[in-house]
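*Asks:* For reference, the file coords09.txt (compact mmCIF, C-alpha atoms and all ligand atoms) is included below:
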# COMPACT_ATOMS: atom_id res chain seq x y z
CA MET E 1 0.00 0.00 0.00
CA ASP E 2 3.03 2.27 0.37
CA ARG E 3 3.05 3.28 -3.30
CA LEU E 4 -0.62 4.30 -3.13
CA ILE E 5 -0.11 6.25 0.09
CA ASP E 6 2.95 8.00 -1.40
CA ALA E 7 0.87 8.96 -4.44
CA ILE E 8 -1.90 10.30 -2.18
CA GLU E 9 0.67 12.35 -0.28
CA ARG E 10 2.16 13.72 -3.52
CA THR E 11 -1.23 14.90 -4.80
CA GLN E 12 -2.58 15.73 -1.33
CA ASN E 13 -5.73 14.05 -2.54
CA PRO E 14 -7.24 10.80 -1.16
CA SER E 15 -9.55 10.23 -4.10
CA VAL E 16 -9.68 7.85 -7.03
CA VAL E 17 -11.54 8.31 -10.31
CA GLY E 18 -13.56 5.32 -11.45
CA LEU E 19 -13.34 4.56 -15.15
CA ASP E 20 -16.79 2.99 -15.68
CA PRO E 21 -17.74 4.03 -19.22
CA THR E 22 -21.10 3.05 -20.67
CA GLU E 23 -22.74 4.03 -23.94
CA ALA E 24 -24.78 6.68 -22.08
CA LEU E 25 -21.67 8.17 -20.47
CA VAL E 26 -19.76 8.72 -23.73
CA PRO E 27 -21.01 11.58 -25.93
CA ALA E 28 -22.85 10.13 -28.94
CA GLN E 29 -20.79 12.15 -31.46
CA VAL E 30 -17.60 10.61 -30.05
CA VAL E 31 -18.95 7.10 -30.60
CA ALA E 32 -20.21 8.05 -34.09
CA SER E 33 -16.82 9.47 -35.07
CA PHE E 34 -15.33 5.94 -35.05
CA ALA E 35 -17.90 4.35 -37.38
CA ASP E 36 -15.80 4.45 -40.56
CA GLU E 37 -12.57 3.35 -38.89
CA VAL E 38 -14.25 0.36 -37.27
CA ARG E 39 -16.21 -0.71 -40.36
CA ASP E 40 -12.91 -1.20 -42.22
CA SER E 41 -11.19 -3.09 -39.40
CA VAL E 42 -13.66 -5.78 -38.25
CA ASP E 43 -13.94 -9.28 -39.73
CA THR E 44 -17.74 -9.38 -39.69
CA PRO E 45 -20.36 -6.58 -39.60
CA GLU E 46 -21.82 -8.04 -36.39
CA GLU E 47 -18.63 -7.16 -34.53
CA ALA E 48 -18.83 -3.49 -35.49
CA PRO E 49 -21.09 -2.00 -32.75
CA ALA E 50 -19.09 -3.46 -29.85
CA ALA E 51 -15.79 -2.65 -31.54
CA GLN E 52 -16.92 0.93 -32.20
CA LEU E 53 -17.98 1.42 -28.59
CA ALA E 54 -14.71 -0.09 -27.37
CA VAL E 55 -12.60 2.38 -29.40
CA ALA E 56 -14.82 5.21 -28.18
CA PHE E 57 -14.33 4.03 -24.57
CA TYR E 58 -10.56 4.17 -25.05
CA GLU E 59 -10.62 7.70 -26.47
CA PHE E 60 -12.98 8.78 -23.68
CA ASN E 61 -10.80 7.16 -20.99
CA ARG E 62 -7.64 8.78 -22.33
CA THR E 63 -9.40 12.14 -22.16
CA ILE E 64 -10.45 11.54 -18.55
CA ILE E 65 -6.99 10.28 -17.58
CA ASP E 66 -5.30 13.31 -19.18
CA ALA E 67 -7.75 15.56 -17.34
CA VAL E 68 -7.22 14.09 -13.87
CA ALA E 69 -3.54 13.02 -13.95
CA GLY E 70 -1.69 15.26 -11.51
CA ILE E 71 -4.89 15.95 -9.56
CA VAL E 72 -5.74 12.42 -8.38
CA PRO E 73 -3.30 9.66 -7.41
CA ALA E 74 -5.26 6.74 -8.85
CA VAL E 75 -7.90 5.42 -11.22
CA LYS E 76 -10.22 2.45 -10.78
CA PRO E 77 -11.31 0.89 -14.08
CA GLN E 78 -14.43 -1.26 -13.52
CA ILE E 79 -13.99 -4.37 -15.68
CA ALA E 80 -17.73 -5.08 -16.02
CA MET E 81 -18.17 -2.17 -18.40
CA TYR E 82 -15.45 -3.55 -20.70
CA GLU E 83 -16.36 -7.24 -20.46
CA ALA E 84 -19.80 -6.25 -21.68
CA LEU E 85 -18.20 -5.60 -25.08
CA GLY E 86 -16.38 -8.93 -25.38
CA PRO E 87 -12.76 -9.24 -26.54
CA ALA E 88 -12.63 -5.68 -27.91
CA GLY E 89 -13.65 -4.44 -24.48
CA ILE E 90 -11.00 -6.50 -22.69
CA ASP E 91 -8.35 -5.10 -25.03
CA VAL E 92 -9.47 -1.60 -24.20
CA TYR E 93 -9.43 -2.44 -20.49
CA THR E 94 -5.75 -3.42 -20.61
CA MET E 95 -4.89 -0.49 -22.89
CA THR E 96 -6.62 1.89 -20.47
CA CYS E 97 -4.72 0.45 -17.50
CA GLU E 98 -1.44 0.73 -19.41
CA TYR E 99 -2.13 4.33 -20.43
CA ALA E 100 -3.05 5.30 -16.87
CA ALA E 101 0.10 3.66 -15.51
CA GLU E 102 2.18 5.55 -18.11
CA GLN E 103 0.71 8.79 -16.78
CA GLY E 104 1.96 7.88 -13.30
CA LEU E 105 -1.39 6.82 -11.86
CA TYR E 106 -1.88 3.91 -9.46
CA VAL E 107 -4.28 1.52 -11.20
CA LEU E 108 -6.83 -0.25 -9.04
CA ALA E 109 -8.57 -2.94 -11.10
CA ASP E 110 -12.13 -3.36 -9.87
CA VAL E 111 -12.60 -7.01 -10.87
CA LYS E 112 -14.14 -8.48 -7.68
CA ARG E 113 -12.64 -11.92 -8.05
CA GLY E 114 -13.73 -14.76 -5.77
CA ASP E 115 -13.24 -18.51 -6.30
CA ILE E 116 -11.67 -21.67 -4.87
CA GLY E 117 -7.93 -21.60 -4.21
CA SER E 118 -6.70 -23.18 -7.45
CA THR E 119 -8.79 -20.83 -9.56
CA ALA E 120 -7.95 -17.85 -7.36
CA ALA E 121 -4.28 -18.64 -8.07
CA ALA E 122 -4.96 -18.25 -11.78
CA TYR E 123 -6.88 -15.00 -11.22
CA ALA E 124 -4.00 -13.71 -9.09
CA HIS E 125 -1.83 -13.60 -12.21
CA MET E 126 -3.50 -10.28 -12.83
CA LEU E 127 -1.04 -9.03 -10.19
CA THR E 128 2.07 -11.03 -11.05
CA GLY E 129 1.81 -11.27 -14.82
CA VAL E 130 2.42 -14.49 -16.71
CA ASN E 131 5.39 -16.58 -17.82
CA ALA E 132 4.91 -18.99 -20.72
CA GLY E 133 4.89 -22.49 -19.28
CA ALA E 134 4.43 -21.30 -15.69
CA SER E 135 1.86 -23.09 -13.57
CA ALA E 136 -1.22 -21.26 -12.36
CA GLU E 137 0.18 -21.02 -8.83
CA ALA E 138 0.37 -17.50 -7.46
CA GLY E 139 3.88 -16.10 -7.50
CA SER E 140 5.07 -18.51 -10.17
CA ALA E 141 5.38 -15.68 -12.66
CA GLY E 142 7.70 -13.29 -10.80
CA ALA E 143 10.63 -11.47 -12.37
CA GLY E 144 10.75 -11.36 -16.13
CA ALA E 145 7.07 -12.17 -16.46
CA HIS E 146 4.94 -10.60 -19.13
CA ASP E 147 2.40 -8.31 -17.45
CA PRO E 148 -0.44 -7.65 -19.89
CA TRP E 149 -2.71 -6.06 -17.25
CA HIS E 150 -0.69 -3.11 -15.90
CA VAL E 151 -2.58 -2.95 -12.60
CA ASP E 152 -1.35 -2.15 -9.07
CA ALA E 153 -4.24 -3.71 -7.15
CA VAL E 154 -7.38 -5.80 -7.57
CA THR E 155 -10.66 -6.06 -5.66
CA VAL E 156 -11.56 -9.48 -4.25
CA ASN E 157 -14.79 -10.99 -2.90
CA PRO E 158 -14.15 -12.90 0.38
CA TYR E 159 -17.23 -15.14 0.28
CA LEU E 160 -15.12 -18.27 -0.38
CA GLY E 161 -12.89 -17.70 2.64
CA THR E 162 -9.15 -17.90 3.21
CA ASP E 163 -8.14 -20.22 0.36
CA GLY E 164 -9.78 -17.84 -2.11
CA ILE E 165 -7.75 -14.93 -0.73
CA THR E 166 -4.30 -16.38 0.03
CA PRO E 167 -3.22 -16.61 -3.65
CA PHE E 168 -3.88 -12.89 -4.04
CA VAL E 169 -1.92 -12.07 -0.88
CA ASP E 170 1.01 -14.19 -2.11
CA ALA E 171 0.84 -12.58 -5.55
CA ALA E 172 0.69 -9.11 -4.01
CA LYS E 173 3.82 -9.83 -1.95
CA THR E 174 5.66 -11.23 -5.00
CA ALA E 175 4.79 -8.32 -7.25
CA ASP E 176 4.76 -5.45 -4.72
CA LYS E 177 1.05 -4.90 -5.31
CA ASP E 178 -2.15 -4.79 -3.27
CA LEU E 179 -5.67 -6.18 -2.95
CA PHE E 180 -8.90 -4.77 -1.56
CA VAL E 181 -11.40 -7.19 -0.01
CA LEU E 182 -15.14 -6.41 0.13
CA VAL E 183 -16.13 -5.85 3.77
CA ARG E 184 -19.10 -3.45 3.95
CA THR E 185 -20.30 -2.64 0.46
CA SER E 186 -22.16 0.52 -0.53
CA ASN E 187 -25.15 -1.00 -2.34
CA PRO E 188 -28.74 -0.97 -1.03
CA SER E 189 -28.96 -4.76 -0.50
CA SER E 190 -25.59 -5.03 1.23
CA SER E 191 -27.18 -5.60 4.65
CA GLU E 192 -28.97 -8.82 3.60
CA LEU E 193 -25.80 -10.79 4.31
CA GLN E 194 -23.30 -8.36 5.77
CA MET E 195 -25.45 -7.31 8.76
CA LEU E 196 -26.47 -10.81 9.82
CA ASP E 197 -25.80 -11.61 13.49
CA LEU E 198 -23.27 -14.26 14.41
CA ALA E 199 -23.40 -16.46 17.51
CA ASP E 200 -20.73 -14.35 19.29
CA GLY E 201 -22.83 -11.18 18.92
CA SER E 202 -20.83 -9.69 16.07
CA LYS E 203 -22.06 -9.10 12.51
CA VAL E 204 -20.91 -10.94 9.41
CA TYR E 205 -19.11 -7.86 8.04
CA GLU E 206 -17.26 -7.44 11.36
CA HIS E 207 -16.07 -11.04 11.14
CA VAL E 208 -14.88 -10.39 7.57
CA ALA E 209 -13.12 -7.26 8.82
CA ASP E 210 -11.22 -9.32 11.41
CA LEU E 211 -10.23 -11.83 8.73
CA VAL E 212 -8.96 -9.02 6.49
CA GLU E 213 -6.77 -7.63 9.31
CA ARG E 214 -5.40 -11.14 9.81
CA TRP E 215 -4.82 -11.79 6.09
CA GLY E 216 -2.70 -8.64 5.87
CA ALA E 217 -0.90 -8.96 9.21
CA ASP E 218 2.52 -9.93 7.79
CA THR E 219 2.48 -7.39 4.97
CA ILE E 220 2.60 -4.11 6.90
CA GLY E 221 4.40 -1.39 4.96
CA GLU E 222 6.35 1.73 5.93
CA HIS E 223 3.17 3.76 6.41
CA GLY E 224 1.70 1.22 8.84
CA TYR E 225 -0.90 -0.27 6.48
CA SER E 226 -0.95 -3.78 5.03
CA ARG E 227 -1.23 -4.86 1.40
CA VAL E 228 -4.70 -6.22 2.11
CA GLY E 229 -7.16 -3.34 2.01
CA ALA E 230 -10.89 -3.29 2.66
CA VAL E 231 -13.80 -1.96 0.61
CA VAL E 232 -16.09 0.08 2.88
CA GLY E 233 -19.00 2.00 1.38
CA ALA E 234 -19.40 5.75 1.90
CA THR E 235 -23.09 5.01 2.40
CA HIS E 236 -22.35 3.44 5.81
CA PRO E 237 -20.73 6.25 7.82
CA GLN E 238 -21.30 4.72 11.26
CA GLU E 239 -20.02 1.27 10.40
CA GLY E 240 -17.16 2.85 8.46
CA ARG E 241 -16.08 4.83 11.54
CA ALA E 242 -16.28 1.70 13.72
CA LEU E 243 -14.31 -0.30 11.15
CA ARG E 244 -11.55 2.34 11.18
CA GLU E 245 -11.09 1.54 14.90
CA ARG E 246 -11.41 -2.19 14.39
CA MET E 247 -8.97 -2.37 11.47
CA PRO E 248 -5.99 -0.15 12.38
CA ARG E 249 -3.65 -1.78 9.82
CA THR E 250 -6.12 -1.91 6.93
CA PHE E 251 -6.36 0.77 4.24
CA PHE E 252 -9.89 1.48 2.97
CA LEU E 253 -11.21 1.87 -0.56
CA VAL E 254 -14.42 3.87 -0.11
CA PRO E 255 -16.90 3.78 -3.02
CA GLY E 256 -20.35 5.36 -2.89
CA TYR E 257 -19.36 9.04 -2.82
CA GLY E 258 -21.33 11.25 -5.22
CA ALA E 259 -23.70 9.29 -7.47
CA GLN E 260 -24.68 6.91 -4.61
CA GLY E 261 -25.24 9.74 -2.16
CA GLY E 262 -22.13 9.52 0.05
CA THR E 263 -20.63 12.85 1.16
CA ALA E 264 -17.30 14.07 2.51
CA ALA E 265 -18.83 14.23 5.99
CA ASP E 266 -19.92 10.59 5.64
CA VAL E 267 -16.39 9.37 4.85
CA ARG E 268 -14.53 11.49 7.43
CA GLY E 269 -14.63 8.76 10.06
CA MET E 270 -13.05 6.25 7.68
CA PHE E 271 -9.74 8.17 7.78
CA ASP E 272 -7.23 7.87 10.61
CA ALA E 273 -6.13 10.64 12.96
CA ASN E 274 -3.51 11.76 10.43
CA GLY E 275 -6.05 12.09 7.61
CA SER E 276 -4.69 8.91 5.97
CA GLY E 277 -6.01 5.34 5.82
CA ALA E 278 -8.58 5.67 3.04
CA ILE E 279 -9.12 6.59 -0.59
CA VAL E 280 -12.57 7.63 -1.82
CA ASN E 281 -13.89 6.64 -5.24
CA SER E 282 -16.20 8.50 -7.58
CA SER E 283 -16.98 7.14 -11.03
CA ARG E 284 -20.15 8.60 -12.61
CA GLY E 285 -19.72 11.82 -10.62
CA ILE E 286 -16.47 12.54 -12.49
CA ILE E 287 -16.75 10.85 -15.88
CA GLY E 288 -20.40 11.87 -16.32
CA ALA E 289 -19.91 15.48 -15.20
CA TRP E 290 -20.20 16.67 -18.81
CA ARG E 291 -23.84 15.53 -18.86
CA THR E 292 -24.89 17.61 -15.87
CA SER E 293 -22.74 20.64 -16.72
CA GLY E 294 -25.41 22.36 -18.83
CA ARG E 295 -22.66 23.01 -21.42
CA TYR E 296 -23.23 19.99 -23.66
CA ARG E 297 -24.92 20.41 -27.05
CA LYS E 298 -25.98 17.57 -29.32
CA ASP E 299 -24.67 19.48 -32.36
CA MET E 300 -21.14 19.80 -30.97
CA SER E 301 -18.30 18.19 -32.91
CA ALA E 302 -16.71 15.07 -31.40
CA ASP E 303 -13.57 17.11 -30.63
CA ASP E 304 -15.58 19.76 -28.81
CA ALA E 305 -17.47 17.09 -26.88
CA LEU E 306 -14.19 15.52 -25.75
CA ALA E 307 -12.89 18.95 -24.76
CA LEU E 308 -16.00 19.33 -22.60
CA VAL E 309 -15.43 15.87 -21.08
CA PHE E 310 -11.85 16.96 -20.25
CA ASP E 311 -12.87 20.26 -18.66
CA THR E 312 -15.79 18.91 -16.64
CA ALA E 313 -13.89 15.83 -15.39
CA ARG E 314 -11.04 18.07 -14.26
CA GLU E 315 -13.43 20.45 -12.53
CA ALA E 316 -15.30 17.59 -10.83
CA ALA E 317 -12.09 15.88 -9.69
CA THR E 318 -10.79 19.18 -8.31
CA ALA E 319 -14.07 19.85 -6.52
CA MET E 320 -14.03 16.37 -4.97
CA ARG E 321 -10.43 16.84 -3.82
CA ASP E 322 -11.30 20.17 -2.20
CA ASP E 323 -14.45 18.69 -0.65
CA LEU E 324 -12.40 15.91 1.00
CA ARG E 325 -9.57 18.25 2.03
CA ALA E 326 -12.12 20.41 3.84
CA VAL E 327 -13.07 17.60 6.23
CA LEU E 328 -9.59 16.10 6.79
O1 LIG Y 1 -19.28 -1.52 -2.32
C1 LIG Y 1 -18.98 -1.21 -3.48
C2 LIG Y 1 -17.97 -1.82 -4.17
C3 LIG Y 1 -17.66 -1.38 -5.43
N1 LIG Y 1 -18.33 -0.36 -6.00
C4 LIG Y 1 -17.90 0.07 -7.36
O2 LIG Y 1 -17.48 1.44 -7.28
C5 LIG Y 1 -17.96 2.15 -8.40
C6 LIG Y 1 -18.93 3.22 -7.96
O3 LIG Y 1 -19.39 3.99 -9.05
P1 LIG Y 1 -20.20 5.37 -8.86
O4 LIG Y 1 -20.55 5.76 -10.24
O5 LIG Y 1 -19.27 6.36 -8.19
O6 LIG Y 1 -21.39 5.07 -8.02
C7 LIG Y 1 -18.56 1.12 -9.35
O7 LIG Y 1 -17.52 0.65 -10.19
C8 LIG Y 1 -18.98 0.02 -8.41
O8 LIG Y 1 -18.99 -1.25 -9.03
C9 LIG Y 1 -19.34 0.23 -5.32
O9 LIG Y 1 -19.99 1.18 -5.82
N2 LIG Y 1 -19.64 -0.21 -4.08
Please go through the file and, once you have read it, give me the structure as structure tokens.
*Replies:*
Amino acid sequence: MDRLIDAIERTQNPSVVGLDPTEALVPAQVVASFADEVRDSVDTPEEAPAAQLAVAFYEFNRTIIDAVAGIVPAVKPQIAMYEALGPAGIDVYTMTCEYAAEQGLYVLADVKRGDIGSTAAAYAHMLTGVNAGASAEAGSAGAGAHDPWHVDAVTVNPYLGTDGITPFVDAAKTADKDLFVLVRTSNPSSSELQMLDLADGSKVYEHVADLVERWGADTIGEHGYSRVGAVVGATHPQEGRALRERMPRTFFLVPGYGAQGGTAADVRGMFDANGSGAIVNSSRGIIGAWRTSGRYRKDMSADDALALVFDTAREAATAMRDDLRAVL
């Protein structure tokens, strides 16, 4: 986690921009501008719509990354939006991660992996990269591996327990990277499972929190936080504050700010006494700021629309930074 915390200190900004493009979040003229290029490059006409959207996503993402680099320390590309487009989308996912890394951003891949140990070991190669002929065991890639993903951290679902997590912890140690485990998620149905009572009087999410502290215990870095972070939703300010006490060595990824209703005041308690210990995500609030700016016109050129995306994303990222700084 040290590299992330250093990047937060450099930018004086504990926020991360989520790269969650959808067709509705990319100006229509930008998508349309790639029609000719894509028509000439695909093997079959059926591939064209997804391929066109994928190229548009990449152009859009590069615009957002250029706008926020230097203001934020990190980006969080959400893989679901790219997987929805098939192979062209996956290509654009890796290209986006590579471009963000080239701009000096910490890349947090929101992939929410969760499976049995042997499969988790294969998934964990997203952190270590791959060597031809290497087994799927975590850490088998190591030095000299080809790293097609260009990510610094992944999100992981703990529902399968320790053997689904250990390969990611091993891979993170091998590759000097991190993972963030879902503990108290921001979504409306999160309490169905996470708030269930256990026999000892604690809640399910509290038990997961204790496991996360334990999973990271031998990976504490120079800043006092482990490589195993926790996802704690901005929509749960009270539990978030209690988790900060309960998990002194665990860095938090806090989604739910902005579009889901979370505020700077809500996330304040998720930071430690030094104003560290957490990074707050906003996706739609930043990348969709052009739509709510009142400055968009349907008859704009694609170039002008991208310029608006750049300006509004930069303004929104700056406003979020200042909003968080005001409470820390
Ligand atoms: O508890 C969670 C875990 C992950 N997310 C992800 O964060 C972003 C939030 O997007 P917004 O547009 O800022 O609402 C998205 O990728 C989610 O999958 C989360 O929201 N809550």
*Asks:* Would you compute the distance between atom CA of Asp303 of chain E and atom CA of Ser15 of chain E? Give it in Å to one decimal.
*Replies:*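 The value is 27.7 Å.
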*Asks:* List the neighbours of segment 92-106 of chain E out to 6 Å using all atoms listed in the file; skip same-chain residues closer than 2 positions along the sequence, and give me the result as a PyMOL selection string.
*Replies:* chain E and resi 58+73-74+89-90+149-150
*Asks:* Would you give me, as a tab-separated table, each residue of chain E having an atom within 7 Å of an atom of ligand LIG 1 (chain Y), along with its shortest atom pair and that distance in Å to one decimal, using all atoms listed in the file and sorting by chain and residue number?
*Replies:*
residue	atom	partner	partner_atom	distance
E:Gly18	CA	Y:LIG1	C5	6.2
E:Asp20	CA	Y:LIG1	O7	6.0
E:Gln78	CA	Y:LIG1	O7	4.9
E:Asp110	CA	Y:LIG1	O7	6.7
E:Leu182	CA	Y:LIG1	O1	6.9
E:Arg184	CA	Y:LIG1	O1	6.6
E:Thr185	CA	Y:LIG1	O1	3.2
E:Ser186	CA	Y:LIG1	O1	4.0
E:Asn187	CA	Y:LIG1	N2	5.8
E:Val231	CA	Y:LIG1	O1	6.2
E:Val232	CA	Y:LIG1	O1	6.3
E:Gly233	CA	Y:LIG1	O1	5.1
E:Pro255	CA	Y:LIG1	C9	4.9
E:Gly256	CA	Y:LIG1	O9	5.1
E:Tyr257	CA	Y:LIG1	O5	6.0
E:Gly258	CA	Y:LIG1	O5	6.1
E:Ala259	CA	Y:LIG1	O6	4.8
E:Gln260	CA	Y:LIG1	O6	5.1
E:Asn281	CA	Y:LIG1	O5	6.1
E:Ser282	CA	Y:LIG1	O5	3.8
E:Ser283	CA	Y:LIG1	O5	3.7
E:Arg284	CA	Y:LIG1	O4	3.7
E:Gly285	CA	Y:LIG1	O5	6.0
*Asks:* Considering all atoms listed in the file, return as a PyMOL selection string whatever protein or nucleic-acid residues lie within 7 Å of segment 52-56 of chain E, sequence-local ones (same chain, fewer than 2 positions apart) excluded.
*Replies:* chain E and resi 30-31+34-35+38+48-50+58-60+85+88-89+92
*Asks:* Enter the distance from atom CA of Gly224 of chain E to atom CA of Met270 of chain E, in Å, rounded to one decimal.
*Replies:*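 Separation of atom CA of Gly224 of chain E and atom CA of Met270 of chain E: 15.6 Å.
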*Asks:* Please compute the atom CA of Ala69 of chain E-atom CA of Ala278 of chain E distance, one decimal, in Å.
*Replies:*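 Rounded to one decimal, the two atoms are 19.2 Å apart.
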*Asks:* What would the list of residues within 12 Å of (-10.4, 15.7, 0.2) (file frame) look like as a ChimeraX atom specification, if only C-alpha atoms are what count?
*Replies:* /E:8-9,11-16,71-72,257,263-265,267-268,271,275-276,278-281,317-328
*Asks:* As a list in words, please: the residues near Val212 of chain E (cut-off 8 Å, all atoms listed in the file, same-chain neighbours under 5 positions excluded).
*Replies:*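 Returned residues: Val181, Val228, Gly229, Ala230 and Thr250 of chain E.
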*Asks:* Determine the nearest neighbour of Thr235 of chain E from the options E:Asp163, E:Leu198, E:Val254, E:Arg62, counting all atoms listed in the file.
*Replies:* E:Val254
*Asks:* Determine the nearest neighbour of Glu315 of chain E from the options E:Val183, E:Lys112, E:Ala67, E:Val169, counting all atoms listed in the file.
*Replies:*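 Among E:Val183, E:Lys112, E:Ala67, E:Val169, it is E:Ala67 that comes nearest to Glu315 of chain E.
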*Asks:* Name the residues in contact with Gly221 of chain E at a cut-off of 12 Å, using all atoms listed in the file, excluding same-chain residues fewer than 6 positions from it; report them as JSON, numbers by chain.
*Replies:* {"E": [1, 2, 3, 4, 5, 6, 173, 176, 177, 178, 227, 228, 249, 250, 251]}
*Asks:* Nearest residue to Gly117 of chain E out of E:Gly216, E:Pro167, E:Pro45, E:Gly288, using only C-alpha atoms?
*Replies:*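 Smallest distance to Gly117 of chain E is found for E:Pro167.
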*Asks:* From the list E:Asp66, E:Asp115, E:Glu222, E:Glu47, which residue is nearest Phe168 of chain E when using all atoms listed in the file?
*Replies:*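 Closest candidate: E:Asp115.
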